$ cat run.txt   # compact mmCIF, C-alpha atoms and all ligand atoms
# COMPACT_ATOMS: atom_id res chain seq x y z
CA MET Q 1 -187.36 -36.93 65.79
CA GLN Q 2 -190.39 -37.60 63.65
CA VAL Q 3 -191.46 -40.94 64.97
CA ASN Q 4 -194.51 -42.93 65.51
CA GLU Q 5 -196.25 -41.67 68.68
CA ALA Q 6 -196.33 -45.14 70.15
CA LEU Q 7 -192.52 -45.32 70.13
CA SER Q 8 -191.87 -42.04 71.99
CA PRO Q 9 -192.26 -43.37 75.53
CA TYR Q 10 -189.84 -46.20 74.78
CA ILE Q 11 -187.26 -43.80 73.37
CA GLU Q 12 -187.47 -41.50 76.38
CA ARG Q 13 -187.10 -44.38 78.79
CA VAL Q 14 -184.11 -45.75 76.87
CA GLU Q 15 -182.34 -42.38 76.87
CA ARG Q 16 -182.69 -42.11 80.65
CA GLU Q 17 -181.62 -45.69 81.21
CA ILE Q 18 -178.36 -45.53 79.22
CA GLN Q 19 -176.99 -42.19 80.53
CA GLY Q 20 -174.35 -43.85 82.71
CA ARG Q 21 -173.13 -46.09 79.89
CA LEU Q 22 -172.82 -43.13 77.53
CA GLN Q 23 -170.62 -41.35 80.06
CA GLU Q 24 -168.35 -44.39 80.18
CA VAL Q 25 -168.03 -44.19 76.40
CA ASP Q 26 -167.05 -40.51 76.72
CA ARG Q 27 -164.16 -41.50 78.96
CA VAL Q 28 -162.91 -44.01 76.36
CA ILE Q 29 -163.16 -41.30 73.68
CA ASP Q 30 -161.09 -38.90 75.79
CA HIS Q 31 -158.43 -41.50 76.46
CA ASN Q 32 -158.07 -42.53 72.82
CA GLN Q 33 -158.26 -38.98 71.49
CA TRP Q 34 -155.32 -37.99 73.67
CA LYS Q 35 -153.44 -41.15 72.74
CA VAL Q 36 -153.76 -40.33 69.04
CA ILE Q 37 -152.78 -36.69 69.54
CA ARG Q 38 -149.72 -37.74 71.57
CA ALA Q 39 -148.56 -39.93 68.67
CA PHE Q 40 -149.03 -37.06 66.19
CA GLN Q 41 -147.06 -34.73 68.47
CA LYS Q 42 -144.25 -37.21 69.08
CA HIS Q 43 -143.63 -37.46 65.33
CA GLN Q 44 -144.09 -33.72 64.80
CA VAL Q 45 -146.78 -34.22 62.19
CA SER Q 46 -146.85 -31.11 60.07
CA ASP Q 47 -148.61 -29.66 57.06
CA TYR Q 48 -145.91 -30.85 54.68
CA HIS Q 49 -146.57 -34.49 55.65
CA PHE Q 50 -149.96 -34.21 53.98
CA ALA Q 51 -148.43 -33.61 50.55
CA SER Q 52 -148.95 -36.65 48.37
CA SER Q 53 -146.67 -38.63 46.09
CA THR Q 54 -146.93 -40.02 42.56
CA GLY Q 55 -145.10 -42.66 40.54
CA TYR Q 56 -142.96 -44.85 42.78
CA GLY Q 57 -143.61 -42.68 45.79
CA TYR Q 58 -139.94 -42.74 46.85
CA ASN Q 59 -139.07 -40.73 49.96
CA ASP Q 60 -142.67 -40.00 50.81
CA ARG Q 61 -142.10 -38.56 54.27
CA GLY Q 62 -145.81 -38.31 55.03
CA ARG Q 63 -146.24 -42.03 54.38
CA GLU Q 64 -143.24 -42.96 56.54
CA VAL Q 65 -144.42 -40.85 59.46
CA LEU Q 66 -147.95 -42.20 59.07
CA ASP Q 67 -146.59 -45.75 59.53
CA SER Q 68 -144.83 -44.63 62.72
CA VAL Q 69 -147.87 -42.79 64.08
CA TYR Q 70 -150.01 -45.91 63.60
CA ALA Q 71 -147.34 -48.06 65.24
CA ASP Q 72 -147.33 -45.77 68.30
CA VAL Q 73 -151.11 -45.54 68.58
CA PHE Q 74 -151.32 -49.33 68.57
CA GLY Q 75 -148.29 -49.84 70.82
CA ALA Q 76 -146.44 -51.73 68.08
CA GLU Q 77 -142.88 -51.67 66.71
CA ALA Q 78 -143.86 -50.93 63.12
CA GLY Q 79 -146.79 -50.08 60.90
CA LEU Q 80 -147.82 -50.33 57.26
CA VAL Q 81 -150.73 -48.04 56.38
CA ARG Q 82 -151.68 -47.93 52.73
CA PRO Q 83 -154.52 -46.99 50.39
CA HIS Q 84 -153.32 -49.95 48.29
CA PHE Q 85 -155.09 -52.39 50.58
CA ALA Q 86 -158.40 -52.92 48.78
CA SER Q 87 -160.36 -54.07 51.83
CA GLY Q 88 -160.07 -55.63 55.26
CA THR Q 89 -159.87 -59.08 53.71
CA HIS Q 90 -156.98 -58.02 51.47
CA THR Q 91 -155.14 -56.55 54.45
CA ILE Q 92 -155.59 -59.67 56.59
CA SER Q 93 -154.64 -61.89 53.65
CA THR Q 94 -151.46 -59.86 53.08
CA ALA Q 95 -150.46 -60.19 56.73
CA LEU Q 96 -151.03 -63.97 56.74
CA PHE Q 97 -149.32 -64.65 53.41
CA GLY Q 98 -146.50 -62.39 54.58
CA VAL Q 99 -145.48 -64.62 57.47
CA LEU Q 100 -146.71 -68.12 56.52
CA ARG Q 101 -144.70 -70.57 54.37
CA PRO Q 102 -145.56 -73.94 52.81
CA GLY Q 103 -145.70 -76.62 55.49
CA ASP Q 104 -146.62 -74.13 58.22
CA GLN Q 105 -149.94 -74.30 60.00
CA LEU Q 106 -152.37 -71.48 60.70
CA LEU Q 107 -154.54 -72.20 63.73
CA TYR Q 108 -157.57 -70.00 64.44
CA ILE Q 109 -158.55 -70.27 68.11
CA SER Q 110 -161.62 -68.01 67.97
CA GLY Q 111 -163.82 -70.38 65.98
CA THR Q 112 -164.60 -70.12 62.28
CA PRO Q 113 -163.30 -66.80 60.95
CA TYR Q 114 -165.25 -64.11 59.11
CA ASP Q 115 -166.96 -65.30 55.90
CA THR Q 116 -164.66 -63.57 53.40
CA LEU Q 117 -161.61 -65.29 54.91
CA HIS Q 118 -162.86 -68.77 54.02
CA LYS Q 119 -161.65 -68.34 50.46
CA VAL Q 120 -158.34 -66.87 51.63
CA ILE Q 121 -157.82 -70.09 53.62
CA GLY Q 122 -159.23 -72.06 50.68
CA SER Q 123 -158.71 -75.70 49.93
CA HIS Q 124 -155.86 -77.80 48.60
CA GLY Q 125 -155.64 -77.63 44.81
CA ASP Q 126 -158.37 -75.01 44.40
CA GLY Q 127 -156.12 -73.17 41.97
CA THR Q 128 -156.82 -69.75 43.46
CA GLY Q 129 -153.53 -69.34 45.30
CA SER Q 130 -155.28 -69.63 48.65
CA LEU Q 131 -153.26 -70.50 51.76
CA ARG Q 132 -154.09 -74.20 51.43
CA ASP Q 133 -153.44 -74.15 47.71
CA TRP Q 134 -149.90 -73.05 48.68
CA GLY Q 135 -149.50 -75.95 51.12
CA ILE Q 136 -150.19 -73.92 54.25
CA ARG Q 137 -152.20 -76.07 56.60
CA TYR Q 138 -155.17 -74.76 58.47
CA ASP Q 139 -157.10 -75.79 61.52
CA GLU Q 140 -159.44 -74.06 63.93
CA VAL Q 141 -160.63 -74.52 67.48
CA ASP Q 142 -164.36 -74.08 67.95
CA LEU Q 143 -165.51 -71.91 70.80
CA ARG Q 144 -167.31 -73.53 73.69
CA GLU Q 145 -171.07 -73.30 74.05
CA ASP Q 146 -170.80 -70.06 76.05
CA GLY Q 147 -168.51 -68.43 73.46
CA SER Q 148 -165.32 -68.82 75.48
CA PRO Q 149 -162.06 -70.30 74.11
CA ASP Q 150 -161.66 -74.06 74.41
CA TRP Q 151 -158.33 -74.15 76.25
CA GLU Q 152 -157.91 -77.93 76.15
CA GLU Q 153 -158.51 -78.05 72.40
CA ILE Q 154 -156.09 -75.17 71.82
CA ARG Q 155 -153.43 -77.08 73.76
CA ARG Q 156 -154.17 -80.21 71.73
CA LYS Q 157 -154.19 -78.57 68.30
CA LEU Q 158 -151.09 -76.41 68.77
CA THR Q 159 -148.48 -78.47 66.89
CA PRO Q 160 -144.78 -77.90 66.17
CA GLU Q 161 -145.90 -76.79 62.67
CA THR Q 162 -148.20 -74.09 64.03
CA LYS Q 163 -146.58 -70.85 62.92
CA VAL Q 164 -149.49 -68.45 63.38
CA VAL Q 165 -152.33 -68.48 65.88
CA GLY Q 166 -155.25 -66.38 64.65
CA ILE Q 167 -157.72 -64.52 66.85
CA GLN Q 168 -160.70 -62.61 65.50
CA ARG Q 169 -161.59 -59.89 67.98
CA SER Q 170 -165.01 -59.05 66.63
CA ARG Q 171 -167.90 -61.45 66.33
CA GLY Q 172 -168.36 -60.82 62.61
CA TYR Q 173 -171.63 -62.38 61.46
CA ASP Q 174 -171.80 -64.66 64.47
CA TRP Q 175 -173.92 -64.84 67.59
CA ARG Q 176 -170.93 -65.10 69.87
CA PRO Q 177 -169.52 -62.43 72.13
CA SER Q 178 -166.59 -60.46 70.74
CA PHE Q 179 -163.29 -60.86 72.56
CA THR Q 180 -162.37 -58.04 74.91
CA ILE Q 181 -158.76 -56.91 75.28
CA ALA Q 182 -158.60 -58.72 78.64
CA GLN Q 183 -159.69 -61.96 76.95
CA ILE Q 184 -157.26 -61.48 74.07
CA ARG Q 185 -154.47 -61.02 76.62
CA GLU Q 186 -155.49 -64.26 78.32
CA MET Q 187 -155.55 -66.13 75.00
CA THR Q 188 -152.19 -64.70 73.95
CA ASP Q 189 -150.58 -65.51 77.30
CA PHE Q 190 -151.92 -69.07 77.14
CA VAL Q 191 -150.55 -69.66 73.63
CA LYS Q 192 -147.19 -68.04 74.41
CA GLN Q 193 -146.75 -70.15 77.51
CA LEU Q 194 -147.03 -73.27 75.36
CA ARG Q 195 -145.19 -71.91 72.32
CA PRO Q 196 -143.32 -68.63 72.91
CA ASP Q 197 -142.18 -68.50 69.26
CA VAL Q 198 -145.65 -68.66 67.71
CA ILE Q 199 -146.92 -65.50 65.97
CA VAL Q 200 -150.21 -64.37 67.49
CA PHE Q 201 -152.19 -62.59 64.79
CA VAL Q 202 -155.32 -60.56 65.55
CA ASP Q 203 -158.00 -59.55 63.06
CA ASN Q 204 -158.85 -56.20 64.67
CA CYS Q 205 -161.64 -55.20 62.26
CA TYR Q 206 -164.37 -53.19 64.04
CA GLY Q 207 -162.44 -53.21 67.32
CA GLU Q 208 -160.21 -50.12 67.10
CA PHE Q 209 -160.78 -47.46 69.78
CA THR Q 210 -163.72 -49.19 71.44
CA GLU Q 211 -161.50 -49.85 74.48
CA THR Q 212 -158.51 -47.97 75.85
CA LEU Q 213 -156.01 -50.63 74.79
CA GLU Q 214 -155.51 -52.51 71.53
CA PRO Q 215 -154.54 -56.19 71.02
CA THR Q 216 -150.92 -55.28 70.13
CA GLU Q 217 -150.71 -53.66 73.59
CA ALA Q 218 -151.91 -56.94 75.09
CA GLY Q 219 -149.35 -59.31 73.59
CA ALA Q 220 -150.40 -59.79 69.93
CA ASP Q 221 -147.45 -59.89 67.49
CA LEU Q 222 -149.22 -58.91 64.30
CA MET Q 223 -152.55 -57.23 63.63
CA ALA Q 224 -154.56 -55.99 60.69
CA GLY Q 225 -157.62 -53.84 60.13
CA SER Q 226 -159.50 -51.80 57.56
CA LEU Q 227 -159.53 -48.04 57.01
CA ILE Q 228 -163.04 -48.48 55.59
CA LYS Q 229 -163.99 -49.24 59.19
CA ASN Q 230 -163.01 -47.67 62.56
CA PRO Q 231 -159.52 -46.18 62.13
CA GLY Q 232 -160.38 -44.49 58.84
CA GLY Q 233 -162.62 -42.21 60.88
CA GLY Q 234 -165.17 -42.08 58.06
CA ILE Q 235 -162.71 -39.84 56.19
CA ALA Q 236 -160.04 -42.14 54.75
CA PRO Q 237 -161.24 -42.97 51.21
CA THR Q 238 -159.96 -46.58 51.32
CA GLY Q 239 -157.09 -48.70 52.64
CA GLY Q 240 -155.93 -50.88 55.47
CA TYR Q 241 -153.25 -51.10 58.13
CA ILE Q 242 -150.93 -53.72 59.52
CA VAL Q 243 -149.03 -53.17 62.78
CA GLY Q 244 -146.87 -55.40 64.93
CA LYS Q 245 -143.32 -56.69 65.35
CA ARG Q 246 -141.00 -55.07 62.82
CA GLN Q 247 -139.96 -58.29 61.12
CA TYR Q 248 -143.52 -59.45 60.51
CA VAL Q 249 -144.72 -56.07 59.26
CA GLU Q 250 -141.77 -56.03 56.86
CA GLN Q 251 -142.68 -59.50 55.57
CA ALA Q 252 -146.24 -58.31 55.01
CA ALA Q 253 -144.89 -55.28 53.11
CA TYR Q 254 -142.88 -57.63 50.84
CA ARG Q 255 -146.09 -59.45 50.13
CA LEU Q 256 -148.05 -56.25 49.42
CA THR Q 257 -145.52 -54.92 46.90
CA ALA Q 258 -142.57 -57.21 46.11
CA PRO Q 259 -139.68 -58.86 47.98
CA GLY Q 260 -136.88 -56.34 48.41
CA ILE Q 261 -139.23 -53.40 47.81
CA GLY Q 262 -141.72 -53.63 50.67
CA GLY Q 263 -143.00 -50.37 52.15
CA GLU Q 264 -140.35 -48.19 50.49
CA VAL Q 265 -142.50 -47.51 47.45
CA GLY Q 266 -146.17 -46.85 46.86
CA ALA Q 267 -147.56 -43.48 45.78
CA MET Q 268 -150.21 -42.21 48.19
CA LEU Q 269 -152.31 -40.58 45.46
CA ASP Q 270 -153.80 -37.76 47.50
CA THR Q 271 -154.99 -39.98 50.33
CA THR Q 272 -152.41 -38.99 52.95
CA ARG Q 273 -154.21 -36.08 54.60
CA SER Q 274 -157.50 -37.97 54.76
CA ILE Q 275 -155.83 -40.96 56.38
CA TYR Q 276 -154.18 -38.75 59.00
CA GLN Q 277 -157.32 -36.76 59.63
CA GLY Q 278 -159.41 -39.93 59.75
CA LEU Q 279 -157.14 -41.37 62.43
CA PHE Q 280 -157.40 -38.12 64.40
CA LEU Q 281 -161.21 -38.25 64.22
CA ALA Q 282 -161.60 -42.00 64.69
CA PRO Q 283 -161.80 -42.11 68.51
CA HIS Q 284 -164.68 -39.63 68.47
CA PHE Q 285 -166.64 -41.27 65.66
CA VAL Q 286 -166.11 -44.74 67.07
CA GLY Q 287 -167.54 -43.43 70.34
CA GLN Q 288 -170.59 -42.04 68.54
CA ALA Q 289 -171.16 -45.41 66.89
CA VAL Q 290 -170.76 -47.30 70.18
CA LYS Q 291 -173.32 -45.00 71.78
CA GLY Q 292 -175.68 -45.73 68.91
CA SER Q 293 -175.26 -49.47 69.46
CA ILE Q 294 -176.03 -49.09 73.17
CA PHE Q 295 -179.15 -47.10 72.35
CA ALA Q 296 -180.32 -49.66 69.77
CA ALA Q 297 -179.69 -52.59 72.12
CA CYS Q 298 -181.68 -50.99 74.93
CA LEU Q 299 -184.55 -49.94 72.65
CA TYR Q 300 -184.94 -53.35 71.02
CA GLU Q 301 -184.65 -55.11 74.37
CA GLN Q 302 -187.49 -52.99 75.70
CA LEU Q 303 -189.59 -54.23 72.80
CA GLY Q 304 -188.79 -57.84 73.56
CA PHE Q 305 -186.04 -58.59 71.05
CA GLU Q 306 -182.98 -60.63 71.92
CA THR Q 307 -179.79 -58.61 71.47
CA SER Q 308 -176.08 -59.27 71.70
CA PRO Q 309 -174.33 -57.61 73.37
CA ARG Q 310 -177.07 -56.50 75.70
CA TRP Q 311 -177.15 -52.74 76.31
CA ASN Q 312 -175.36 -52.89 79.66
CA GLU Q 313 -172.71 -55.43 78.69
CA ALA Q 314 -169.06 -54.58 77.98
CA ARG Q 315 -168.30 -53.71 74.36
CA THR Q 316 -165.16 -54.29 72.33
CA ASP Q 317 -166.46 -53.59 68.82
CA LEU Q 318 -169.15 -51.66 66.97
CA ILE Q 319 -171.43 -54.52 66.14
CA GLN Q 320 -174.91 -54.83 67.55
CA ALA Q 321 -176.67 -58.09 66.80
CA ILE Q 322 -180.46 -58.27 67.00
CA ARG Q 323 -182.31 -61.54 66.56
CA PHE Q 324 -185.51 -61.68 64.54
CA THR Q 325 -188.01 -64.45 63.94
CA GLY Q 326 -187.89 -64.71 60.15
CA PRO Q 327 -186.39 -63.47 56.88
CA ASP Q 328 -189.16 -60.87 56.38
CA HIS Q 329 -188.22 -59.20 59.64
CA LEU Q 330 -184.54 -59.11 58.65
CA VAL Q 331 -185.30 -57.52 55.32
CA ALA Q 332 -187.68 -54.95 56.85
CA PHE Q 333 -185.14 -54.03 59.53
CA VAL Q 334 -182.30 -53.49 57.07
CA GLN Q 335 -184.54 -51.51 54.71
CA GLY Q 336 -185.56 -49.31 57.65
CA ILE Q 337 -181.91 -48.52 58.45
CA GLN Q 338 -181.43 -47.43 54.84
CA GLN Q 339 -184.40 -45.05 55.17
CA ALA Q 340 -182.50 -43.11 57.84
CA ALA Q 341 -179.49 -42.41 55.60
CA ALA Q 342 -178.44 -39.00 54.29
CA VAL Q 343 -177.14 -40.68 51.14
CA ASP Q 344 -179.21 -43.07 49.02
CA ALA Q 345 -182.17 -43.15 51.40
CA TYR Q 346 -184.48 -43.62 48.41
CA VAL Q 347 -182.82 -46.92 47.53
CA VAL Q 348 -184.48 -50.12 48.77
CA PRO Q 349 -181.92 -52.81 49.64
CA GLU Q 350 -182.69 -56.39 48.58
CA PRO Q 351 -180.90 -59.64 49.47
CA SER Q 352 -178.31 -60.75 46.93
CA GLU Q 353 -175.18 -62.86 46.45
CA MET Q 354 -171.94 -61.02 47.28
CA PRO Q 355 -168.35 -61.95 46.35
CA GLY Q 356 -166.75 -63.78 49.28
CA TYR Q 357 -170.00 -64.52 51.11
CA GLU Q 358 -171.65 -67.95 51.10
CA HIS Q 359 -175.27 -66.90 51.65
CA ALA Q 360 -177.39 -64.18 50.16
CA VAL Q 361 -176.79 -61.02 52.17
CA ILE Q 362 -178.86 -57.86 52.54
CA MET Q 363 -176.98 -54.68 53.35
CA ALA Q 364 -178.02 -51.15 54.20
CA ALA Q 365 -175.30 -48.66 53.46
CA GLY Q 366 -176.21 -45.09 52.71
CA THR Q 367 -172.64 -43.96 53.12
CA PHE Q 368 -170.23 -41.29 51.93
CA ILE Q 369 -167.45 -43.89 51.65
CA GLN Q 370 -168.74 -46.87 49.67
CA GLY Q 371 -169.49 -49.69 52.12
CA GLY Q 372 -168.00 -47.64 54.95
CA SER Q 373 -169.17 -49.38 58.09
CA LEU Q 374 -168.10 -46.83 60.68
CA GLU Q 375 -171.01 -45.06 59.04
CA LEU Q 376 -174.46 -46.34 59.95
CA SER Q 377 -174.97 -49.63 58.17
CA ALA Q 378 -176.60 -52.99 58.66
CA ASP Q 379 -175.98 -56.42 57.24
CA ALA Q 380 -177.85 -59.66 57.49
CA PRO Q 381 -177.01 -62.97 55.88
CA ILE Q 382 -180.35 -64.54 54.96
CA ARG Q 383 -179.95 -67.70 57.00
CA GLU Q 384 -181.09 -69.12 60.31
CA PRO Q 385 -180.95 -67.90 63.02
CA TYR Q 386 -182.28 -64.65 61.60
CA ILE Q 387 -179.86 -62.10 62.97
CA ALA Q 388 -179.28 -58.56 61.76
CA TYR Q 389 -175.96 -56.92 62.51
CA MET Q 390 -175.99 -53.16 62.70
CA GLN Q 391 -172.97 -50.98 63.19
CA GLY Q 392 -171.68 -47.47 62.89
CA GLY Q 393 -173.11 -44.02 62.84
CA LEU Q 394 -170.77 -41.03 62.52
CA THR Q 395 -173.15 -39.17 64.77
CA TYR Q 396 -175.07 -40.61 67.70
CA SER Q 397 -178.20 -38.84 66.44
CA HIS Q 398 -178.00 -40.63 63.12
CA ALA Q 399 -177.55 -44.03 64.77
CA LYS Q 400 -180.59 -43.34 66.96
CA LEU Q 401 -182.64 -42.32 63.94
CA GLY Q 402 -181.64 -45.54 62.19
CA ALA Q 403 -182.67 -47.75 65.11
CA VAL Q 404 -186.03 -45.97 65.34
CA LYS Q 405 -186.71 -45.90 61.57
CA ALA Q 406 -186.06 -49.62 61.37
CA LEU Q 407 -188.62 -50.25 64.11
CA GLU Q 408 -191.11 -48.02 62.36
CA HIS Q 409 -190.60 -49.94 59.15
CA LEU Q 410 -191.18 -53.26 60.94
CA TRP Q 411 -194.35 -51.81 62.42
CA GLN Q 412 -195.57 -50.49 59.05
CA ARG Q 413 -195.04 -53.93 57.55
CA GLY Q 414 -197.20 -55.43 60.29
CA LEU Q 415 -194.20 -57.29 61.73
CA LEU Q 416 -194.17 -55.53 65.09
CA ALA Q 417 -197.00 -54.92 67.55
CA LEU Q 418 -196.75 -51.75 69.66
C1 LIG Q 501 -165.20 -56.56 57.89
C2 LIG Q 501 -164.40 -57.64 58.48
C3 LIG Q 501 -163.44 -58.33 57.72
C4 LIG Q 501 -163.23 -58.10 56.25
O1 LIG Q 501 -163.17 -56.79 55.84
P1 LIG Q 501 -163.72 -56.37 54.39
O2 LIG Q 501 -163.34 -54.96 54.29
O3 LIG Q 501 -165.18 -56.62 54.40
O4 LIG Q 501 -163.01 -57.23 53.40
C5 LIG Q 501 -162.70 -59.29 58.36
N1 LIG Q 501 -162.89 -59.59 59.64
C6 LIG Q 501 -163.80 -58.97 60.40
C7 LIG Q 501 -163.97 -59.32 61.83
C8 LIG Q 501 -164.58 -57.97 59.84
O5 LIG Q 501 -165.49 -57.35 60.59
$ encode --input "run.txt" --output "C-alpha cells" --more "lines below"
Ligand SMILES: *Cc1c(COP(=O)(O)O)cnc(C)c1O
Amino acid sequence: MQVNEALSPYIERVEREIQGRLQEVDRVIDHNQWKVIRAFQKHQVSDYHFASSTGYGYNDRGREVLDSVYADVFGAEAGLVRPHFASGTHTISTALFGVLRPGDQLLYISGTPYDTLHKVIGSHGDGTGSLRDWGIRYDEVDLREDGSPDWEEIRRKLTPETKVVGIQRSRGYDWRPSFTIAQIREMTDFVKQLRPDVIVFVDNCYGEFTETLEPTEAGADLMAGSLIKNPGGGIAPTGGYIVGKRQYVEQAAYRLTAPGIGGEVGAMLDTTRSIYQGLFLAPHFVGQAVKGSIFAACLYEQLGFETSPRWNEARTDLIQAIRFTGPDHLVAFVQGIQQAAAVDAYVVPEPSEMPGYEHAVIMAAGTFIQGGSLELSADAPIREPYIAYMQGGLTYSHAKLGAVKALEHLWQRGLLAL
C-alpha cells in the first residue's frame, strides 16, 4: 500500500494483533457458504432457473425456487425475494403493512428505529398513507443506558392491541451495540412468554451472514432485508427479501402486488441469475467486509479514537462506528473513504439533505451497485455526537485501503497528529 510512512508501523501492528479474529471470521464464512450451497442443492438449482421472465411473470420457476432457497437459508417457512422492492425501507414497509391492520399496535423494543422508517411510521393525519395515517398505533421502548433492552418497559408497553413487536438487529446510525442472535433470541423468548400470538418482526439489514444463525432461526416470525446490502453479495442489481411464517410472508406479498395475486406474478427482468449468484457469494463478501471493519476498529483505536464495536468485540453486522470530535473530521474521513474507491474516486462527497433522513448526511459510495453498502462505503449524519459509520468492502484489501486513506486525508487536513 502507498501510505504515509508514519502510518506503516501502526498498520503492521494492527495486522498482527487481529490475526486470531480474522480466523474466527473465516470459520463463519465456511459455515454460511456451506449452508447456502446446501439450500441450492436441496432445490436442485439448475441453469434453467436463471432464465428470466417478462410480462406477468407467470410460472417463473426460477423465482419460485429462489423464494424457497432463501426460506431454507434463513430457516424460515417461506420467502419472497424480488427486484421489485426498491430499497430496504420499502421491503420493511411492505412486511409491516402486510400484517398490521387499523387499530393494531406496532411496538419497537430496540429503541428508535432507523431514520428512513420514521416516515413509514408517520403521524396521524399526515396524508402520506403512513402506518399511523392508517390508524395503526405505534410505540417504542427505549434501550437502557448500556444499550440493553428495558425488560420492565417492554412488559408494561405490550398491550392486547400489540400485533407486531419490532426488533432492529443492526445499530443503524446509532451509538448502541447491535443485537446479536443470542440477544434476539432472548428478546423473542421474553415477548413470546408474555404474548405467544404476537408477531416478532426483525429488521435484518446489515446482519445477514455475520453470524452462523439468523433471527428467523432464533424465534423471529417475520424478517426483512435489502439485496443492496449483505445478501445481494454485491452482485444483485437491486431488490429485497422477506422471510418468515408462510401466512405472514403471503400477506406481505399481497401488499407488494395486490390481494389475491401476491407472489404469483412479477417478471424478474433479467435479475434472477444475479440474485442467485449474489446469494452464493454473500457469505464470502460479508466476511471480507467484517474483516475490514475489524481492521479499521483496531487501527483507529491505536490512534486514540473511540470505536464501536471495538476490534475484539463480537460482531453481528457490518457497521463500524468511529467517533470524531467535530464536523470537519467527519467530512474529511468520509471524503478519504471515497478516495480509496475503484469507481468515482475523483468525486468529492459533500453533506446534503437526503430523502427520508432528518439531518444533512455525507456519504462515500464509490460502488458498482448504486448505494451498495456491502461495498466499501461510509455515512455520517452531520449532528452531534460526530460519528462516522463505515461498512462494507467486497475485498478485505479494499476495506483496509479505505481505512488508511481516510486517516491520511485527516492527517493532510491537519486534523490528525501522527
Ligand atoms: C439500510 C437500513 C435500512 C433501510 O434500507 P434502505 O435500503 O436504506 O432503504 C433499514 N434498517 C437498517 C437497520 C438499515 O441498515
$ residues_near_ligand --input "run.txt" --ligand "ligand LIG 501 (chain Q)" --cutoff "6 Å" --atoms "only C-alpha atoms and all ligand atoms" --output "VMD selection string"
chain Q and resid 87 to 89 114 168 170 172 203 205 to 206 226
$ atom_distance --input "run.txt" --atom1 "atom CA of Tyr48 of chain Q" --atom2 "atom CA of Arg61 of chain Q"
8.6 Å
$ atom_distance --input "run.txt" --atom1 "atom CA of Gln23 of chain Q" --atom2 "atom CA of Lys291 of chain Q"
9.4 Å
$ closest_residue --input "run.txt" --among "Q:Ser68, Q:Gly266, Q:Lys157, Q:Ala360" --to "Gln41 of chain Q" --atoms "all atoms listed in the file"
Q:Ser68
$ closest_residue --input "run.txt" --among "Q:Arg315, Q:Arg21, Q:Lys35, Q:Arg137" --to "Phe295 of chain Q" --atoms "all atoms listed in the file"
Q:Arg21
$ atom_distance --input "run.txt" --atom1 "atom CA of Ala224 of chain Q" --atom2 "atom CA of Gly278 of chain Q"
16.8 Å
